[in-house]
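Below is protein10.cif, which holds mmCIF, C-alpha atoms.
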```
data_my_file
#
loop_
_atom_site.group_PDB
_atom_site.id
_atom_site.type_symbol
_atom_site.label_atom_id
_atom_site.label_comp_id
_atom_site.auth_asym_id
_atom_site.auth_seq_id
_atom_site.Cartn_x
_atom_site.Cartn_y
_atom_site.Cartn_z
ATOM 1 C CA MET U 1 56.699 165.431 206.048
ATOM 2 C CA ARG U 2 55.403 166.126 209.502
ATOM 3 C CA ILE U 3 57.313 166.062 212.784
ATOM 4 C CA ARG U 4 55.520 165.432 216.043
ATOM 5 C CA ALA U 5 56.050 164.003 219.504
ATOM 6 C CA ALA U 6 56.507 160.244 219.668
ATOM 7 C CA ALA U 7 53.527 158.271 220.982
ATOM 8 C CA PRO U 8 53.908 155.482 223.568
ATOM 9 C CA ALA U 9 52.708 152.761 221.187
ATOM 10 C CA GLU U 10 55.381 153.766 218.640
ATOM 11 C CA LEU U 11 58.396 153.072 220.848
ATOM 12 C CA PRO U 12 58.937 149.505 219.525
ATOM 13 C CA LEU U 13 58.850 150.955 216.010
ATOM 14 C CA LEU U 14 61.629 153.372 216.991
ATOM 15 C CA GLN U 15 63.723 150.369 217.952
ATOM 16 C CA SER U 16 63.043 148.862 214.512
ATOM 17 C CA ILE U 17 64.050 152.123 212.814
ATOM 18 C CA GLU U 18 67.319 152.158 214.759
ATOM 19 C CA ARG U 19 68.085 148.554 213.816
ATOM 20 C CA ALA U 20 67.422 149.270 210.129
ATOM 21 C CA ALA U 21 69.460 152.486 210.257
ATOM 22 C CA GLY U 22 72.376 150.534 211.721
ATOM 23 C CA GLU U 23 72.588 148.040 208.862
ATOM 24 C CA PRO U 24 74.618 150.316 206.496
ATOM 25 C CA PHE U 25 77.457 150.282 209.042
ATOM 26 C CA ARG U 26 78.178 146.654 208.041
ATOM 27 C CA ALA U 27 79.494 147.802 204.662
ATOM 28 C CA LEU U 28 82.046 149.972 206.514
ATOM 29 C CA GLY U 29 83.381 147.073 208.592
ATOM 30 C CA MET U 30 81.423 148.250 211.633
ATOM 31 C CA ALA U 31 79.250 145.179 212.247
ATOM 32 C CA ALA U 32 79.368 145.789 215.997
ATOM 33 C CA ILE U 33 77.491 149.046 215.445
ATOM 34 C CA ALA U 34 74.924 147.330 213.233
ATOM 35 C CA ASP U 35 74.496 144.611 215.871
ATOM 36 C CA ASP U 36 74.230 147.007 218.818
ATOM 37 C CA GLU U 37 70.849 146.780 220.502
ATOM 38 C CA PRO U 38 68.655 149.876 220.327
ATOM 39 C CA LEU U 39 67.775 151.756 223.485
ATOM 40 C CA PRO U 40 65.416 149.800 225.756
ATOM 41 C CA LEU U 41 61.732 150.695 225.797
ATOM 42 C CA ASP U 42 61.900 152.159 229.307
ATOM 43 C CA VAL U 43 64.672 154.547 228.237
ATOM 44 C CA LEU U 44 62.717 155.550 225.128
ATOM 45 C CA GLU U 45 59.665 156.096 227.334
ATOM 46 C CA GLY U 46 61.722 158.387 229.570
ATOM 47 C CA TYR U 47 62.588 160.583 226.583
ATOM 48 C CA ARG U 48 58.986 160.509 225.366
ATOM 49 C CA ALA U 49 57.531 161.375 228.777
ATOM 50 C CA ALA U 50 59.997 164.264 229.126
ATOM 51 C CA GLY U 51 58.940 165.680 225.741
ATOM 52 C CA ARG U 52 62.339 164.965 224.195
ATOM 53 C CA ALA U 53 61.426 162.346 221.568
ATOM 54 C CA TRP U 54 60.218 163.409 218.137
ATOM 55 C CA VAL U 55 59.289 161.409 215.068
ATOM 56 C CA ALA U 56 59.130 162.268 211.391
ATOM 57 C CA VAL U 57 56.089 160.554 209.930
ATOM 58 C CA ASP U 58 55.025 159.534 206.442
ATOM 59 C CA GLY U 59 51.663 160.275 204.838
ATOM 60 C CA ALA U 60 50.035 157.489 206.857
ATOM 61 C CA ASP U 61 51.331 159.072 210.110
ATOM 62 C CA ARG U 62 53.800 156.201 210.588
ATOM 63 C CA PRO U 63 57.268 157.119 211.945
ATOM 64 C CA VAL U 64 60.135 156.802 209.459
ATOM 65 C CA ALA U 65 62.739 158.529 211.655
ATOM 66 C CA TYR U 66 63.202 159.815 215.177
ATOM 67 C CA LEU U 67 65.346 162.082 217.315
ATOM 68 C CA LEU U 68 66.025 161.968 221.054
ATOM 69 C CA ALA U 69 67.543 164.934 222.881
ATOM 70 C CA ASP U 70 68.905 165.825 226.303
ATOM 71 C CA THR U 71 70.027 169.141 227.740
ATOM 72 C CA VAL U 72 73.767 169.131 228.408
ATOM 73 C CA ASP U 73 75.606 172.187 229.710
ATOM 74 C CA GLY U 74 73.125 174.700 228.259
ATOM 75 C CA ALA U 75 72.835 173.004 224.870
ATOM 76 C CA ALA U 76 70.344 170.616 223.304
ATOM 77 C CA HIS U 77 72.307 167.403 222.906
ATOM 78 C CA ILE U 78 71.221 165.011 220.169
ATOM 79 C CA GLU U 79 71.347 161.661 221.894
ATOM 80 C CA GLN U 80 70.098 159.724 218.889
ATOM 81 C CA VAL U 81 68.847 160.493 215.407
ATOM 82 C CA SER U 82 67.899 157.545 213.216
ATOM 83 C CA VAL U 83 66.320 157.509 209.770
ATOM 84 C CA HIS U 84 64.974 154.316 208.248
ATOM 85 C CA PRO U 85 66.978 153.572 205.057
ATOM 86 C CA GLY U 86 63.720 153.636 203.063
ATOM 87 C CA ALA U 87 63.342 157.323 203.979
ATOM 88 C CA ALA U 88 67.032 158.279 203.716
ATOM 89 C CA ARG U 89 68.373 161.054 201.479
ATOM 90 C CA ARG U 90 65.128 163.019 201.615
ATOM 91 C CA GLY U 91 66.011 165.614 204.243
ATOM 92 C CA VAL U 92 64.269 163.740 207.057
ATOM 93 C CA GLY U 93 67.238 163.852 209.450
ATOM 94 C CA ARG U 94 67.828 167.517 208.636
ATOM 95 C CA ALA U 95 64.154 168.294 209.331
ATOM 96 C CA LEU U 96 64.332 166.594 212.724
ATOM 97 C CA ILE U 97 67.498 168.518 213.615
ATOM 98 C CA GLU U 98 65.934 171.817 212.526
ATOM 99 C CA HIS U 99 62.859 170.983 214.608
ATOM 100 C CA LEU U 100 65.110 170.481 217.621
ATOM 101 C CA ALA U 101 67.003 173.702 216.870
ATOM 102 C CA LYS U 102 63.742 175.664 216.917
ATOM 103 C CA ALA U 103 62.557 174.020 220.144
ATOM 104 C CA ALA U 104 65.962 174.511 221.793
ATOM 105 C CA GLY U 105 66.041 178.171 220.806
ATOM 106 C CA GLU U 106 62.596 178.675 222.313
ATOM 107 C CA GLU U 107 63.904 177.115 225.539
ATOM 108 C CA GLY U 108 66.794 179.596 225.562
ATOM 109 C CA LEU U 109 69.447 176.982 224.823
ATOM 110 C CA THR U 110 72.534 178.264 223.035
ATOM 111 C CA ALA U 111 73.572 175.388 220.797
ATOM 112 C CA LEU U 112 73.030 171.880 219.529
ATOM 113 C CA THR U 113 75.648 169.260 220.339
ATOM 114 C CA LEU U 114 76.222 165.629 219.419
ATOM 115 C CA THR U 115 78.868 162.942 219.312
ATOM 116 C CA THR U 116 79.470 160.964 216.152
ATOM 117 C CA PHE U 117 81.861 158.923 214.046
ATOM 118 C CA THR U 118 84.368 161.043 212.137
ATOM 119 C CA GLU U 119 84.885 158.723 209.170
ATOM 120 C CA VAL U 120 81.309 157.645 208.424
ATOM 121 C CA PRO U 121 79.969 159.713 205.487
ATOM 122 C CA TRP U 122 76.494 160.103 206.980
ATOM 123 C CA ASN U 123 77.924 161.113 210.365
ATOM 124 C CA ALA U 124 80.519 163.879 210.946
ATOM 125 C CA PRO U 125 80.751 164.986 207.270
ATOM 126 C CA TYR U 126 76.939 165.212 207.118
ATOM 127 C CA TYR U 127 76.699 167.192 210.359
ATOM 128 C CA THR U 128 79.396 169.572 209.134
ATOM 129 C CA ARG U 129 77.162 170.340 206.153
ATOM 130 C CA LEU U 130 74.372 171.116 208.638
ATOM 131 C CA GLY U 131 76.522 173.736 210.380
ATOM 132 C CA PHE U 132 78.115 171.689 213.160
ATOM 133 C CA ARG U 133 81.824 172.036 213.922
ATOM 134 C CA ALA U 134 84.160 169.508 215.487
ATOM 135 C CA LEU U 135 85.381 170.269 219.002
ATOM 136 C CA ASP U 136 88.998 169.420 219.724
ATOM 137 C CA GLU U 137 90.375 168.737 223.200
ATOM 138 C CA THR U 138 91.350 172.389 223.741
ATOM 139 C CA ASP U 139 88.038 173.913 222.627
ATOM 140 C CA PRO U 140 86.268 175.665 225.527
ATOM 141 C CA ASP U 141 82.958 174.421 224.096
ATOM 142 C CA LEU U 142 84.034 170.842 224.862
ATOM 143 C CA THR U 143 82.218 170.896 228.186
ATOM 144 C CA ASP U 144 82.434 168.539 231.128
ATOM 145 C CA GLY U 145 79.054 167.098 230.117
ATOM 146 C CA LEU U 146 80.265 166.314 226.592
ATOM 147 C CA ARG U 147 83.448 164.785 227.981
ATOM 148 C CA ALA U 148 81.346 162.552 230.253
ATOM 149 C CA ILE U 149 79.207 161.447 227.296
ATOM 150 C CA SER U 150 82.354 160.618 225.315
ATOM 151 C CA ARG U 151 83.723 158.558 228.218
ATOM 152 C CA ALA U 152 80.427 156.650 228.532
ATOM 153 C CA GLU U 153 80.394 155.950 224.791
ATOM 154 C CA ALA U 154 83.991 154.737 224.939
ATOM 155 C CA ALA U 155 83.060 152.395 227.792
ATOM 156 C CA HIS U 156 80.262 151.064 225.567
ATOM 157 C CA GLY U 157 82.847 150.240 222.874
ATOM 158 C CA LEU U 158 82.229 153.109 220.466
ATOM 159 C CA ALA U 159 85.808 154.378 220.738
ATOM 160 C CA ALA U 160 86.933 151.466 218.546
ATOM 161 C CA TRP U 161 86.368 153.922 215.669
ATOM 162 C CA PRO U 162 87.322 157.618 215.610
ATOM 163 C CA ARG U 163 84.655 159.813 217.198
ATOM 164 C CA VAL U 164 84.189 163.510 217.744
ATOM 165 C CA CYS U 165 81.992 165.897 219.705
ATOM 166 C CA MET U 166 80.338 168.531 217.522
ATOM 167 C CA ARG U 167 78.498 171.792 218.197
ATOM 168 C CA ARG U 168 76.242 174.137 216.243
ATOM 169 C CA GLU U 169 75.489 177.555 217.654
ATOM 170 C CA LEU U 170 71.873 178.666 217.714
ATOM 171 C CA ALA U 171 70.759 182.165 216.870
ATOM 172 C CA PRO U 172 69.247 183.897 219.867
ATOM 173 C CA ALA U 173 65.465 183.689 219.923
ATOM 174 C CA PRO U 174 63.812 186.926 218.851
ATOM 175 C CA VAL U 175 62.648 189.099 221.713
ATOM 176 C CA VAL U 176 58.907 189.657 221.585
ATOM 177 C CA ARG U 177 57.970 192.947 223.149
ATOM 178 C CA GLU U 178 54.475 193.686 224.301
ATOM 179 C CA PRO U 179 53.033 196.953 223.014
ATOM 180 C CA SER U 180 53.288 199.769 225.546
#
```
Can you dump the structure from the file as structure tokens?
Amino acid sequence: MRIRAAAPAELPLLQSIERAAGEPFRALGMAAIADDEPLPLDVLEGYRAAGRAWVAVDGADRPVAYLLADTVDGAAHIEQVSVHPGAARRGVGRALIEHLAKAAGEEGLTALTLTTFTEVPWNAPYYTRLGFRALDETDPDLTDGLRAISRAEAAHGLAAWPRVCMRRELAPAPVVREPS
């Protein structure tokens, strides 16, 4: 599997991937999540133009998953990661997250963060297996930026189900010294 920057012509396909990835939420009684519209094309284009939209592609170079990231309080924040169900359970999401971790480390960022549902098996439990930890209200790593994201998500209706902010520390990038 290859990960690369998203191309402009692929943005409608990213919306289709997000819709397909939302369908499994129906089985959990979360039809509102499945029915939620994907990010608009202009927002996706903003991520793409800023170099913060990556796709995992199949052998035909067609996206099967994508990840969008922001920088929030010195960390790379995963705004969205969606894997088409036809590509699920193959390490595609993990590969995208590891790609972001490498890029974030090279930028000097200290961690990865995200917000997610606590009781959805492919959300918080999955991210815990990838090295993320839940941030409670008293955790100093629960930054003002993460709190603002949580408030915005609640205003969008996501607080109808338990959610959590999560963080994964990044190892410092190795220092490359020029020969003397």
For CA of Ala53 (chain U) and CA of Tyr66 (chain U), quote the distance in Å rounded to one decimal.
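The value is 7.1 Å.
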Per residue of region 90-145 of chain U within 12 Å of region 21-34 of chain U, record the nearest atom pair and its distance in Å to one decimal, counting only C-alpha atoms, with rows in chain order and ascending residue number, as JSON lines.
```
{"residue": "U:Gly93", "atom": "CA", "partner": "U:Ala21", "partner_atom": "CA", "distance": 11.6}
{"residue": "U:Phe117", "atom": "CA", "partner": "U:Ile33", "partner_atom": "CA", "distance": 10.9}
{"residue": "U:Glu119", "atom": "CA", "partner": "U:Leu28", "partner_atom": "CA", "distance": 9.6}
{"residue": "U:Val120", "atom": "CA", "partner": "U:Leu28", "partner_atom": "CA", "distance": 7.9}
{"residue": "U:Pro121", "atom": "CA", "partner": "U:Leu28", "partner_atom": "CA", "distance": 10.0}
{"residue": "U:Trp122", "atom": "CA", "partner": "U:Pro24", "partner_atom": "CA", "distance": 10.0}
{"residue": "U:Asn123", "atom": "CA", "partner": "U:Phe25", "partner_atom": "CA", "distance": 10.9}
```
Top pick for closest residue to Ala171 (chain U), considering U:Asp70, U:Glu37, U:Glu106, U:Asp58 and counting only C-alpha atoms
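Closest to Ala171 (chain U), using only C-alpha atoms: U:Glu106.
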Can you tell me, as a list in words, what residues are no more than 12 Å from Ala87 (chain U) when counting all atoms listed in the file, ignoring any on the same chain fewer than 4 positions away?
Met1, Ile17, Ala20, Ala21, Ala56, Val57, Asp58, Arg62, Pro63, Val64, Ala65, Tyr66, Ser82, Val83, Gly91, Val92 and Gly93 of chain U
Counting only C-alpha atoms, figure out which residue out of U:Arg48, U:Arg2, U:Arg133, U:Arg19 gets nearest to Thr118 (chain U).
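The answer is U:Arg133, which sits nearest to Thr118 (chain U).
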Would you mind reading off the distance between CA of Ala49 (chain U) and CA of Pro8 (chain U), one decimal, in Å?
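Distance between the two atoms: 8.7 Å.
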